[in-house]
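Source file: upload.cif. Holds: mmCIF, C-alpha atoms.
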```cif
data_my_file
loop_
_atom_site.group_PDB
_atom_site.id
_atom_site.type_symbol
_atom_site.label_atom_id
_atom_site.label_comp_id
_atom_site.auth_asym_id
_atom_site.auth_seq_id
_atom_site.Cartn_x
_atom_site.Cartn_y
_atom_site.Cartn_z
ATOM 1 C CA MET A 71 23.744 2.841 40.020
ATOM 2 C CA THR A 72 21.868 -0.183 38.663
ATOM 3 C CA GLU A 73 23.014 -1.254 35.219
ATOM 4 C CA ARG A 74 20.292 -1.155 32.559
ATOM 5 C CA VAL A 75 20.043 -4.146 30.240
ATOM 6 C CA LEU A 76 17.938 -4.425 27.087
ATOM 7 C CA VAL A 77 16.034 -7.731 27.082
ATOM 8 C CA ILE A 78 14.423 -9.162 23.933
ATOM 9 C CA VAL A 79 12.271 -12.260 24.374
ATOM 10 C CA ASN A 80 10.346 -14.386 21.914
ATOM 11 C CA ALA A 81 7.145 -14.948 23.891
ATOM 12 C CA ALA A 82 5.969 -17.439 21.241
ATOM 13 C CA SER A 83 8.951 -19.767 21.752
ATOM 14 C CA ARG A 84 8.612 -23.133 23.438
ATOM 15 C CA ARG A 85 9.136 -21.695 26.929
ATOM 16 C CA GLY A 86 7.684 -18.281 26.034
ATOM 17 C CA GLU A 87 6.186 -16.195 28.787
ATOM 18 C CA GLU A 88 7.545 -18.441 31.525
ATOM 19 C CA ALA A 89 11.078 -17.764 30.270
ATOM 20 C CA ARG A 90 10.474 -14.005 30.145
ATOM 21 C CA SER A 91 9.351 -13.870 33.774
ATOM 22 C CA ALA A 92 12.197 -16.069 34.978
ATOM 23 C CA LEU A 93 14.796 -14.081 33.030
ATOM 24 C CA VAL A 94 13.589 -10.697 34.298
ATOM 25 C CA ALA A 95 13.694 -11.998 37.872
ATOM 26 C CA ALA A 96 17.155 -13.539 37.420
ATOM 27 C CA LEU A 97 18.610 -10.309 36.013
ATOM 28 C CA ALA A 98 17.057 -8.184 38.750
ATOM 29 C CA ALA A 99 18.519 -10.514 41.381
ATOM 30 C CA ARG A 100 21.947 -9.757 39.901
ATOM 31 C CA ASP A 101 21.507 -5.967 40.155
ATOM 32 C CA LEU A 102 20.723 -5.622 36.448
ATOM 33 C CA HIS A 103 17.670 -3.540 35.533
ATOM 34 C CA PRO A 104 15.878 -5.243 32.607
ATOM 35 C CA VAL A 105 14.282 -3.077 29.929
ATOM 36 C CA VAL A 106 12.053 -5.466 27.966
ATOM 37 C CA GLU A 107 11.496 -4.981 24.247
ATOM 38 C CA PRO A 108 9.021 -7.355 22.560
ATOM 39 C CA LEU A 109 9.936 -9.312 19.449
ATOM 40 C CA ASP A 110 6.687 -8.547 17.663
ATOM 41 C CA ASP A 111 7.910 -6.784 14.512
ATOM 42 C CA ALA A 112 11.248 -7.984 13.129
ATOM 43 C CA ALA A 113 11.229 -5.264 10.458
ATOM 44 C CA THR A 114 11.500 -2.494 13.075
ATOM 45 C CA LEU A 115 13.661 -4.356 15.591
ATOM 46 C CA ALA A 116 17.009 -2.857 14.526
ATOM 47 C CA ASP A 117 15.659 0.693 14.897
ATOM 48 C CA ARG A 118 14.139 -0.120 18.293
ATOM 49 C CA VAL A 119 17.383 -1.694 19.518
ATOM 50 C CA ARG A 120 19.434 1.296 18.400
ATOM 51 C CA ALA A 121 17.051 3.648 20.209
ATOM 52 C CA HIS A 122 17.893 1.853 23.465
ATOM 53 C CA VAL A 123 21.665 1.626 22.914
ATOM 54 C CA PRO A 124 22.661 4.937 24.626
ATOM 55 C CA ASP A 125 20.894 3.845 27.820
ATOM 56 C CA VAL A 126 21.971 0.186 28.139
ATOM 57 C CA THR A 127 25.307 -1.513 28.639
ATOM 58 C CA ARG A 128 24.410 -4.907 27.186
ATOM 59 C CA ILE A 129 21.669 -6.679 25.267
ATOM 60 C CA VAL A 130 20.132 -10.019 26.245
ATOM 61 C CA VAL A 131 18.098 -12.272 23.967
ATOM 62 C CA ALA A 132 15.997 -15.241 25.060
ATOM 63 C CA GLY A 133 14.643 -17.623 22.463
ATOM 64 C CA GLY A 134 15.646 -20.194 19.890
ATOM 65 C CA ASP A 135 18.084 -19.984 16.996
ATOM 66 C CA GLY A 136 15.657 -18.103 14.738
ATOM 67 C CA THR A 137 15.042 -15.438 17.377
ATOM 68 C CA ILE A 138 18.743 -15.134 18.195
ATOM 69 C CA GLY A 139 19.633 -14.780 14.503
ATOM 70 C CA THR A 140 17.078 -11.999 14.096
ATOM 71 C CA VAL A 141 18.292 -10.167 17.198
ATOM 72 C CA ALA A 142 21.954 -10.642 16.250
ATOM 73 C CA GLY A 143 21.293 -8.852 12.967
ATOM 74 C CA ALA A 144 19.807 -5.935 14.904
ATOM 75 C CA VAL A 145 22.693 -5.842 17.412
ATOM 76 C CA LEU A 146 25.510 -5.758 14.830
ATOM 77 C CA GLY A 147 27.307 -2.437 14.874
ATOM 78 C CA THR A 148 25.836 -1.247 18.193
ATOM 79 C CA GLY A 149 29.005 -1.889 20.186
ATOM 80 C CA ARG A 150 27.042 -3.740 22.869
ATOM 81 C CA PRO A 151 27.797 -7.351 23.882
ATOM 82 C CA LEU A 152 25.019 -9.909 23.467
ATOM 83 C CA GLY A 153 23.942 -12.253 26.228
ATOM 84 C CA ILE A 154 22.242 -15.430 24.984
ATOM 85 C CA VAL A 155 19.642 -17.311 27.018
ATOM 86 C CA PRO A 156 18.636 -20.425 25.057
ATOM 87 C CA THR A 157 14.908 -21.083 25.458
ATOM 88 C CA GLY A 158 14.078 -22.530 22.036
ATOM 89 C CA THR A 159 13.818 -26.066 20.727
ATOM 90 C CA ALA A 160 17.256 -26.928 19.317
ATOM 91 C CA ASN A 161 19.444 -24.092 20.726
ATOM 92 C CA ASN A 162 22.302 -24.844 18.339
ATOM 93 C CA LEU A 163 24.101 -21.516 18.719
ATOM 94 C CA ALA A 164 24.152 -21.947 22.497
ATOM 95 C CA ARG A 165 25.445 -25.491 21.979
ATOM 96 C CA THR A 166 28.219 -24.165 19.721
ATOM 97 C CA LEU A 167 29.204 -21.568 22.326
ATOM 98 C CA GLY A 168 28.872 -23.827 25.369
ATOM 99 C CA ILE A 169 26.166 -21.644 26.926
ATOM 100 C CA PRO A 170 24.123 -23.521 29.558
ATOM 101 C CA ALA A 171 20.415 -24.128 28.972
ATOM 102 C CA GLU A 172 19.386 -23.060 32.480
ATOM 103 C CA ILE A 173 18.347 -19.400 32.735
ATOM 104 C CA GLU A 174 20.113 -18.842 36.061
ATOM 105 C CA ALA A 175 23.372 -20.338 34.756
ATOM 106 C CA ALA A 176 23.200 -18.323 31.534
ATOM 107 C CA CYS A 177 22.751 -15.145 33.594
ATOM 108 C CA ASP A 178 25.702 -16.086 35.803
ATOM 109 C CA LEU A 179 27.787 -16.390 32.643
ATOM 110 C CA MET A 180 26.872 -12.837 31.651
ATOM 111 C CA VAL A 181 27.654 -11.482 35.102
ATOM 112 C CA ALA A 182 31.055 -13.202 35.019
ATOM 113 C CA GLY A 183 31.770 -10.918 32.073
ATOM 114 C CA ARG A 184 33.874 -13.150 29.803
ATOM 115 C CA THR A 185 33.250 -12.113 26.190
ATOM 116 C CA HIS A 186 34.318 -13.533 22.843
ATOM 117 C CA ALA A 187 34.145 -12.103 19.323
ATOM 118 C CA ILE A 188 32.385 -14.464 16.924
ATOM 119 C CA ASP A 189 31.600 -14.454 13.221
ATOM 120 C CA ALA A 190 28.182 -14.070 11.670
ATOM 121 C CA GLY A 191 27.009 -15.322 8.318
ATOM 122 C CA GLU A 192 24.981 -13.378 5.803
ATOM 123 C CA VAL A 193 22.797 -14.596 2.939
ATOM 124 C CA ASN A 194 21.374 -12.025 0.523
ATOM 125 C CA GLY A 195 21.733 -9.416 3.261
ATOM 126 C CA ARG A 196 20.068 -11.502 6.014
ATOM 127 C CA VAL A 197 22.285 -12.298 9.019
ATOM 128 C CA PHE A 198 22.411 -15.876 10.296
ATOM 129 C CA MET A 199 24.366 -17.399 13.164
ATOM 130 C CA THR A 200 24.111 -21.184 12.669
ATOM 131 C CA THR A 201 23.412 -22.337 9.105
ATOM 132 C CA ALA A 202 21.647 -21.397 5.910
ATOM 133 C CA SER A 203 20.511 -24.141 3.565
ATOM 134 C CA ILE A 204 18.681 -25.089 0.382
ATOM 135 C CA GLY A 205 16.771 -28.275 -0.373
ATOM 136 C CA LEU A 206 16.036 -30.940 2.219
ATOM 137 C CA SER A 207 16.403 -28.662 5.258
ATOM 138 C CA VAL A 208 13.875 -26.263 3.772
ATOM 139 C CA ALA A 209 11.392 -29.097 3.246
ATOM 140 C CA ILE A 210 11.885 -30.148 6.870
ATOM 141 C CA THR A 211 11.328 -26.582 8.097
ATOM 142 C CA GLU A 212 8.159 -26.282 6.002
ATOM 143 C CA ALA A 213 6.859 -29.580 7.419
ATOM 144 C CA LEU A 214 7.841 -28.874 11.037
ATOM 145 C CA THR A 215 4.764 -27.492 12.739
ATOM 146 C CA HIS A 216 4.777 -25.099 15.681
ATOM 147 C CA ASP A 217 2.596 -27.546 17.589
ATOM 148 C CA ALA A 218 5.090 -30.395 17.089
ATOM 149 C CA LYS A 219 7.948 -28.224 18.335
ATOM 150 C CA GLN A 220 5.938 -27.232 21.402
ATOM 151 C CA ARG A 221 4.963 -30.819 22.236
ATOM 152 C CA LEU A 222 8.066 -32.800 21.240
ATOM 153 C CA GLY A 223 10.933 -30.317 21.396
ATOM 154 C CA VAL A 224 14.078 -31.480 19.596
ATOM 155 C CA LEU A 225 12.465 -34.876 18.869
ATOM 156 C CA ALA A 226 10.162 -33.052 16.449
ATOM 157 C CA TYR A 227 13.154 -32.409 14.171
ATOM 158 C CA ALA A 228 14.079 -36.085 13.992
ATOM 159 C CA ALA A 229 10.509 -37.243 13.387
ATOM 160 C CA THR A 230 9.891 -34.652 10.678
ATOM 161 C CA ALA A 231 13.259 -35.318 9.031
ATOM 162 C CA ALA A 232 12.577 -39.046 8.817
ATOM 163 C CA ARG A 233 9.301 -38.404 6.985
ATOM 164 C CA THR A 234 10.794 -35.760 4.692
ATOM 165 C CA VAL A 235 13.908 -37.727 3.695
ATOM 166 C CA ALA A 236 11.692 -40.406 2.156
ATOM 167 C CA ARG A 237 10.466 -37.791 -0.356
ATOM 168 C CA ALA A 238 13.786 -36.012 -1.002
ATOM 169 C CA GLU A 239 14.403 -34.962 -4.616
ATOM 170 C CA ARG A 240 17.678 -33.931 -6.243
ATOM 171 C CA PHE A 241 18.161 -30.533 -7.874
ATOM 172 C CA VAL A 242 20.969 -28.870 -9.835
ATOM 173 C CA ALA A 243 22.998 -26.214 -8.008
ATOM 174 C CA ASP A 244 25.810 -24.135 -9.496
ATOM 175 C CA ILE A 245 28.153 -23.367 -6.608
ATOM 176 C CA SER A 246 31.001 -20.864 -6.870
ATOM 177 C CA TRP A 247 33.552 -19.535 -4.397
ATOM 178 C CA PRO A 248 36.888 -17.692 -4.648
ATOM 179 C CA GLY A 249 39.063 -20.063 -6.638
ATOM 180 C CA GLY A 250 36.482 -22.670 -7.627
ATOM 181 C CA THR A 251 33.148 -23.693 -9.142
ATOM 182 C CA ARG A 252 31.025 -26.847 -9.017
ATOM 183 C CA ARG A 253 27.810 -28.021 -10.664
ATOM 184 C CA ALA A 254 26.103 -30.394 -8.247
ATOM 185 C CA ARG A 255 23.120 -32.730 -8.461
ATOM 186 C CA THR A 256 22.218 -32.572 -4.805
ATOM 187 C CA VAL A 257 19.394 -32.968 -2.306
ATOM 188 C CA GLN A 258 20.779 -30.347 0.060
ATOM 189 C CA VAL A 259 23.304 -27.538 0.227
ATOM 190 C CA VAL A 260 24.169 -26.343 3.738
ATOM 191 C CA VAL A 261 26.338 -23.310 4.521
ATOM 192 C CA GLY A 262 27.419 -23.193 8.142
ATOM 193 C CA ASN A 263 28.793 -20.433 10.318
ATOM 194 C CA GLY A 264 28.391 -22.210 13.656
ATOM 195 C CA ARG A 265 29.099 -25.821 14.604
ATOM 196 C CA PHE A 266 25.602 -27.307 15.132
ATOM 197 C CA TYR A 267 22.266 -27.145 13.325
ATOM 198 C CA GLY A 268 18.963 -29.030 13.079
ATOM 199 C CA SER A 269 18.726 -31.787 15.666
ATOM 200 C CA ALA A 270 22.259 -31.134 16.978
ATOM 201 C CA MET A 271 23.932 -32.274 13.755
ATOM 202 C CA GLN A 272 27.384 -30.877 12.997
ATOM 203 C CA VAL A 273 28.315 -28.844 9.931
ATOM 204 C CA ALA A 274 31.846 -30.209 10.270
ATOM 205 C CA ASP A 275 33.708 -31.693 13.203
ATOM 206 C CA ASP A 276 36.448 -29.056 13.075
ATOM 207 C CA THR A 277 34.532 -25.886 12.232
ATOM 208 C CA ARG A 278 34.615 -22.898 14.567
ATOM 209 C CA ILE A 279 32.368 -19.864 14.818
ATOM 210 C CA ASP A 280 35.426 -17.605 15.085
ATOM 211 C CA ASP A 281 37.505 -18.998 12.168
ATOM 212 C CA HIS A 282 36.450 -16.244 9.698
ATOM 213 C CA ALA A 283 35.162 -18.824 7.201
ATOM 214 C CA LEU A 284 31.980 -20.601 6.189
ATOM 215 C CA ASP A 285 31.649 -24.352 5.649
ATOM 216 C CA LEU A 286 29.534 -25.599 2.744
ATOM 217 C CA TYR A 287 28.559 -29.174 2.115
ATOM 218 C CA SER A 288 26.452 -30.658 -0.653
ATOM 219 C CA LEU A 289 24.648 -34.012 -0.246
ATOM 220 C CA GLU A 290 25.042 -35.520 -3.715
ATOM 221 C CA VAL A 291 23.470 -38.899 -3.022
ATOM 222 C CA ARG A 292 21.850 -40.924 -5.800
ATOM 223 C CA ALA A 293 19.531 -42.982 -3.592
ATOM 224 C CA ARG A 294 17.409 -41.849 -0.657
ATOM 225 C CA TRP A 295 18.604 -44.711 1.533
ATOM 226 C CA ARG A 296 22.048 -43.087 1.554
ATOM 227 C CA LEU A 297 20.586 -40.164 3.515
ATOM 228 C CA PHE A 298 19.662 -42.530 6.323
ATOM 229 C CA ALA A 299 23.088 -44.197 6.083
ATOM 230 C CA LEU A 300 24.790 -40.797 6.377
ATOM 231 C CA GLY A 301 22.866 -39.997 9.577
ATOM 232 C CA PRO A 302 25.625 -41.031 12.021
ATOM 233 C CA ARG A 303 28.229 -39.108 10.003
ATOM 234 C CA LEU A 304 26.032 -35.994 9.999
ATOM 235 C CA LYS A 305 25.725 -36.268 13.777
ATOM 236 C CA ARG A 306 29.518 -36.528 14.185
ATOM 237 C CA GLY A 307 30.331 -33.943 11.514
ATOM 238 C CA THR A 308 32.421 -36.405 9.455
ATOM 239 C CA HIS A 309 30.096 -36.555 6.429
ATOM 240 C CA GLY A 310 32.639 -34.581 4.376
ATOM 241 C CA GLU A 311 34.705 -37.788 4.194
ATOM 242 C CA ALA A 312 31.953 -39.644 2.276
ATOM 243 C CA ASP A 313 32.252 -40.017 -1.508
ATOM 244 C CA ASP A 314 28.783 -38.574 -2.163
ATOM 245 C CA VAL A 315 29.239 -35.483 0.038
ATOM 246 C CA HIS A 316 31.251 -32.522 -1.224
ATOM 247 C CA ALA A 317 32.633 -30.151 1.439
ATOM 248 C CA ILE A 318 34.234 -26.730 0.881
ATOM 249 C CA ARG A 319 35.526 -24.049 3.260
ATOM 250 C CA ALA A 320 35.638 -20.434 2.054
ATOM 251 C CA ALA A 321 34.736 -16.885 3.056
ATOM 252 C CA GLU A 322 32.026 -16.536 0.408
ATOM 253 C CA PHE A 323 29.801 -18.714 -1.779
ATOM 254 C CA ARG A 324 27.246 -18.113 -4.493
ATOM 255 C CA VAL A 325 24.597 -20.737 -5.207
ATOM 256 C CA ALA A 326 22.318 -20.565 -8.237
ATOM 257 C CA THR A 327 19.569 -23.000 -9.197
ATOM 258 C CA VAL A 328 17.564 -23.529 -12.391
ATOM 259 C CA ARG A 329 14.434 -22.188 -10.702
ATOM 260 C CA PRO A 330 14.306 -20.031 -7.558
ATOM 261 C CA MET A 331 14.523 -22.145 -4.407
ATOM 262 C CA THR A 332 13.832 -21.080 -0.827
ATOM 263 C CA VAL A 333 16.733 -20.521 1.560
ATOM 264 C CA ASN A 334 16.389 -21.442 5.236
ATOM 265 C CA ALA A 335 18.529 -19.451 7.704
ATOM 266 C CA ASP A 336 18.584 -20.275 11.431
ATOM 267 C CA GLY A 337 15.401 -22.295 10.943
ATOM 268 C CA GLU A 338 13.514 -19.455 9.219
ATOM 269 C CA LEU A 339 12.587 -19.199 5.515
ATOM 270 C CA VAL A 340 14.214 -15.909 4.531
ATOM 271 C CA THR A 341 15.133 -15.575 0.841
ATOM 272 C CA GLU A 342 15.534 -17.408 -2.495
ATOM 273 C CA THR A 343 18.287 -18.416 -4.875
ATOM 274 C CA PRO A 344 20.393 -17.106 -6.445
ATOM 275 C CA ALA A 345 21.954 -16.619 -3.047
ATOM 276 C CA THR A 346 25.250 -15.110 -1.970
ATOM 277 C CA PHE A 347 26.606 -16.281 1.382
ATOM 278 C CA ARG A 348 29.478 -14.505 3.096
ATOM 279 C CA VAL A 349 31.141 -14.477 6.479
ATOM 280 C CA LEU A 350 31.178 -11.359 8.652
ATOM 281 C CA PRO A 351 34.392 -11.860 10.662
ATOM 282 C CA ALA A 352 34.285 -11.089 14.401
ATOM 283 C CA ALA A 353 31.011 -9.251 13.825
ATOM 284 C CA LEU A 354 29.438 -9.880 17.223
ATOM 285 C CA THR A 355 30.651 -9.910 20.817
ATOM 286 C CA VAL A 356 28.902 -12.469 23.014
ATOM 287 C CA TYR A 357 29.163 -13.673 26.594
ATOM 288 C CA ALA A 358 30.697 -17.137 26.469
ATOM 289 C CA PRO A 359 32.649 -19.552 28.657
ATOM 290 C CA ASP A 360 36.324 -20.299 28.231
ATOM 291 C CA PRO A 361 36.956 -21.649 24.686
ATOM 292 C CA ALA A 362 38.089 -24.943 26.261
ATOM 293 C CA ASP A 363 34.472 -25.411 27.385
ATOM 294 C CA ALA A 364 32.883 -24.454 24.057
ATOM 295 C CA PRO A 365 33.020 -26.918 21.121
ATOM 296 C CA GLY A 366 32.666 -24.190 18.520
ATOM 297 C CA LEU A 367 35.243 -21.676 19.774
ATOM 298 C CA GLY A 368 38.898 -21.697 18.782
#
```

Just dump the structure as structure tokens.
Amino acid sequence: MTERVLVIVNAASRRGEEARSALVAALAARDLHPVVEPLDDAATLADRVRAHVPDVTRIVVAGGDGTIGTVAGAVLGTGRPLGIVPTGTANNLARTLGIPAEIEAACDLMVAGRTHAIDAGEVNGRVFMTTASIGLSVAITEALTHDAKQRLGVLAYAATAARTVARAERFVADISWPGGTRRARTVQVVVGNGRFYGSAMQVADDTRIDDHALDLYSLEVRARWRLFALGPRLKRGTHGEADDVHAIRAAEFRVATVRPMTVNADGELVTETPATFRVLPAALTVYAPDPADAPGLG
């Protein structure tokens, strides 16, 4: 009997309809019957996914980090493993998990059947898989146009970031976590669940998506030029060693600001401060390679 697989595709992503057709064909070639559910109404997605659960053995999502974060929130608690096919711009969750970018290779990984339990993050009730942030990253997301992402891919992040950094402004954030508090004058607060975000920058060089913790860092620079100087450290994930970057690891954080500020999660603008971030340990089972081949698995 052919195994039925629920497939959720973001047709508006960079590879869009082409990716949907290629994925359906690749699954069918591996004796998996794809049942396609469109990602056209995120508000009803969880109910639609749960309606399919009795009839499918696994769920597959194709898209970028925003799409995967949305689908992951709908898949939590279903008991079905999630196959990830990275067809977005940055694909940072796939990078964290060591999932190949090629559709055929990603499908082979699912067929091989190796699964791994990973953590999810949550901010004000919204699930995220990579990072959630306040400040500079939000300004970059607001400035990053769909057209630029379609034309330039990951280079769009770098180009937009360079323009946005020149206008970065500091704000006051009251950060609290079990056992500590901090008042920061910062340009950005990032809370990471996965290893990579943005244009393949690292939250920290030793963070794991299965360590049952979140990593927060605050960029407390006094001059904008320092943001450019910190660029190589942000790429390597060693920025926590700098004097004007404060890094904390904990299972939960609360961030409050003088005025409400937008929170970006997995590249989508989802909520405002005050914001409570918490880790959901081992919340999701995904198809992944051996941890030795995945930079963000322990």

On this file, the PyMOL selection byres ((chain A and resi 275) around 10) gives some set of residues; write that set as a PyMOL selection string. chain A and resi 265-266+271-274+276-278+303-310+365-366

Which distance in Å separates CA of Ala321 (chain A) and CA of Glu192 (chain A), to one decimal? 10.7 Å

Quick one: pull the distance between CA of Ala202 (chain A) and CA of Val291 (chain A), Å, one decimal. 19.7 Å

Which residues are near Thr127 (chain A)? Cut-off 12 Å, all atoms listed in the file, ignore same chain within fewer than 3 positions. Put them as a list in words. Thr72, Glu73, Arg74, Val75, Leu76, Val77, Leu102, His103, Pro104, Val105, His122, Val123, Pro124, Val130, Thr148, Gly149, Arg150, Pro151, Leu152, Gly153, Met180 and Gly183 of chain A

Can you tell me which residues surround Tyr357 (chain A) at a distance of at most 12 Å, considering all atoms listed in the file, apart from same-chain residues fewer than 6 positions away, and format the answer as a ChimeraX atom specification? /A:128-131,150-155,164,167-170,176-188,364

Starting from the displayed file, determine the output of the PyMOL selection byres ((chain A and resi 287) around 6) and express the residue list as an mmCIF file with C-alpha atoms, in the frame of the given file.
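For reference, part-v9.cif as written:
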```cif
data_model
loop_
_atom_site.group_PDB
_atom_site.id
_atom_site.type_symbol
_atom_site.label_atom_id
_atom_site.label_comp_id
_atom_site.auth_asym_id
_atom_site.auth_seq_id
_atom_site.Cartn_x
_atom_site.Cartn_y
_atom_site.Cartn_z
ATOM 1 C CA VAL A 259 23.304 -27.538 0.227
ATOM 2 C CA VAL A 260 24.169 -26.343 3.738
ATOM 3 C CA LEU A 286 29.534 -25.599 2.744
ATOM 4 C CA SER A 288 26.452 -30.658 -0.653
ATOM 5 C CA HIS A 316 31.251 -32.522 -1.224
ATOM 6 C CA ALA A 317 32.633 -30.151 1.439
#
```

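Shortest atom-to-atom contact with Val325 (chain A) among A:Ala243, A:Gly301, A:Ala362, A:Arg296: A:Ala243, counting only C-alpha atoms.
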
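Comparing the minimum interatomic distances between Arg100 (chain A) and each of A:Arg196, A:Ala175, A:Asp125, A:Ile279, counting all atoms listed in the file, we find that A:Ala175 sits nearest.
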
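For the structure shown here, the set of residues caught by the PyMOL selection byres ((chain A and resi 253) around 9) is Val242, Ala243, Asp244, Ile245, Ser246, Thr251, Arg252, Ala254 and Arg255 of chain A.
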
Which neighbours of Asp336 (chain A) fall inside 6 Å, counting all atoms listed in the file, when residues of the same chain fewer than 3 positions from it are skipped, and could you give them as JSON, numbers by chain? {"A": [135, 136, 198, 200, 201]}

Point-to-point distance from CA of Val119 (chain A) to CA of Gly143 (chain A), Å rounded to tenths: 10.5 Å

Give me the residues near Asp117 (chain A) as a ChimeraX atom specification, where near means some atom within 10 Å (using only C-alpha atoms) and where sequence neighbours in that chain fewer than 4 positions away do not count. /A:112-113,121-122,144-145

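Among A:Met199, A:Thr166, A:Gly158, A:Asp101, the residue with the shortest atom-to-atom distance to Pro359 (chain A), counting all atoms listed in the file, is A:Thr166.
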
Quick one: 8 Å padding each side, axis-aligned, all listed atoms of region 160-179 of chain A - centre and edge lengths in Å to one decimal, as lines of an AutoDock Vina configuration file?
```
center_x = 23.2
center_y = -21.0
center_z = 27.2
size_x = 27.9
size_y = 27.8
size_z = 33.7
```

Limit the output to N, CA and C atoms and give region 267-287 of chain A as a JSON list (two decimals), in the first residue's frame.
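That gives us decode37.json:
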```json
[["chain", "number", "residue", "atom", "x", "y", "z"],
["A", 267, "TYR", "N", 20.88, 32.32, 11.21],
["A", 267, "TYR", "CA", 19.77, 33.23, 10.91],
["A", 267, "TYR", "C", 20.27, 34.28, 9.93],
["A", 268, "GLY", "N", 19.32, 35.06, 9.36],
["A", 268, "GLY", "CA", 19.70, 36.13, 8.44],
["A", 268, "GLY", "C", 20.47, 35.57, 7.25],
["A", 269, "SER", "N", 21.57, 36.24, 6.93],
["A", 269, "SER", "CA", 22.41, 35.80, 5.81],
["A", 269, "SER", "C", 23.46, 34.81, 6.30],
["A", 270, "ALA", "N", 22.98, 33.70, 6.89],
["A", 270, "ALA", "CA", 23.84, 32.62, 7.40],
["A", 270, "ALA", "C", 24.76, 33.09, 8.52],
["A", 271, "MET", "N", 24.30, 34.07, 9.32],
["A", 271, "MET", "CA", 25.03, 34.43, 10.53],
["A", 271, "MET", "C", 24.72, 33.41, 11.62],
["A", 272, "GLN", "N", 25.58, 33.35, 12.65],
["A", 272, "GLN", "CA", 25.40, 32.37, 13.70],
["A", 272, "GLN", "C", 24.97, 33.04, 15.00],
["A", 273, "VAL", "N", 23.98, 32.48, 15.66],
["A", 273, "VAL", "CA", 23.56, 32.98, 16.96],
["A", 273, "VAL", "C", 24.69, 32.84, 17.96],
["A", 274, "ALA", "N", 25.33, 31.70, 17.95],
["A", 274, "ALA", "CA", 26.52, 31.43, 18.76],
["A", 274, "ALA", "C", 27.20, 30.22, 18.14],
["A", 275, "ASP", "N", 28.52, 30.16, 18.28],
["A", 275, "ASP", "CA", 29.25, 29.09, 17.59],
["A", 275, "ASP", "C", 29.10, 27.73, 18.26],
["A", 276, "ASP", "N", 28.48, 27.68, 19.44],
["A", 276, "ASP", "CA", 28.33, 26.40, 20.13],
["A", 276, "ASP", "C", 26.88, 26.06, 20.43],
["A", 277, "THR", "N", 25.93, 26.83, 19.88],
["A", 277, "THR", "CA", 24.53, 26.55, 20.18],
["A", 277, "THR", "C", 24.04, 25.35, 19.37],
["A", 278, "ARG", "N", 23.07, 24.66, 19.92],
["A", 278, "ARG", "CA", 22.47, 23.49, 19.28],
["A", 278, "ARG", "C", 20.95, 23.63, 19.33],
["A", 279, "ILE", "N", 20.29, 23.06, 18.35],
["A", 279, "ILE", "CA", 18.83, 23.14, 18.30],
["A", 279, "ILE", "C", 18.18, 22.03, 19.12],
["A", 280, "ASP", "N", 19.00, 21.24, 19.81],
["A", 280, "ASP", "CA", 18.47, 20.18, 20.68],
["A", 280, "ASP", "C", 19.06, 20.28, 22.09],
["A", 281, "ASP", "N", 19.49, 21.52, 22.49],
["A", 281, "ASP", "CA", 20.13, 21.68, 23.81],
["A", 281, "ASP", "C", 19.16, 22.16, 24.89],
["A", 282, "HIS", "N", 17.87, 22.27, 24.54],
["A", 282, "HIS", "CA", 16.81, 22.65, 25.49],
["A", 282, "HIS", "C", 17.05, 24.04, 26.09],
["A", 283, "ALA", "N", 17.64, 24.93, 25.33],
["A", 283, "ALA", "CA", 17.90, 26.29, 25.79],
["A", 283, "ALA", "C", 17.80, 27.25, 24.62],
["A", 284, "LEU", "N", 17.61, 28.52, 24.94],
["A", 284, "LEU", "CA", 17.66, 29.59, 23.97],
["A", 284, "LEU", "C", 18.91, 30.43, 24.21],
["A", 285, "ASP", "N", 19.42, 31.04, 23.15],
["A", 285, "ASP", "CA", 20.58, 31.92, 23.25],
["A", 285, "ASP", "C", 20.16, 33.34, 22.90],
["A", 286, "LEU", "N", 20.36, 34.26, 23.84],
["A", 286, "LEU", "CA", 20.06, 35.67, 23.60],
["A", 286, "LEU", "C", 21.35, 36.45, 23.50],
["A", 287, "TYR", "N", 21.40, 37.37, 22.55],
["A", 287, "TYR", "CA", 22.50, 38.34, 22.57],
["A", 287, "TYR", "C", 21.95, 39.72, 22.28]]
```
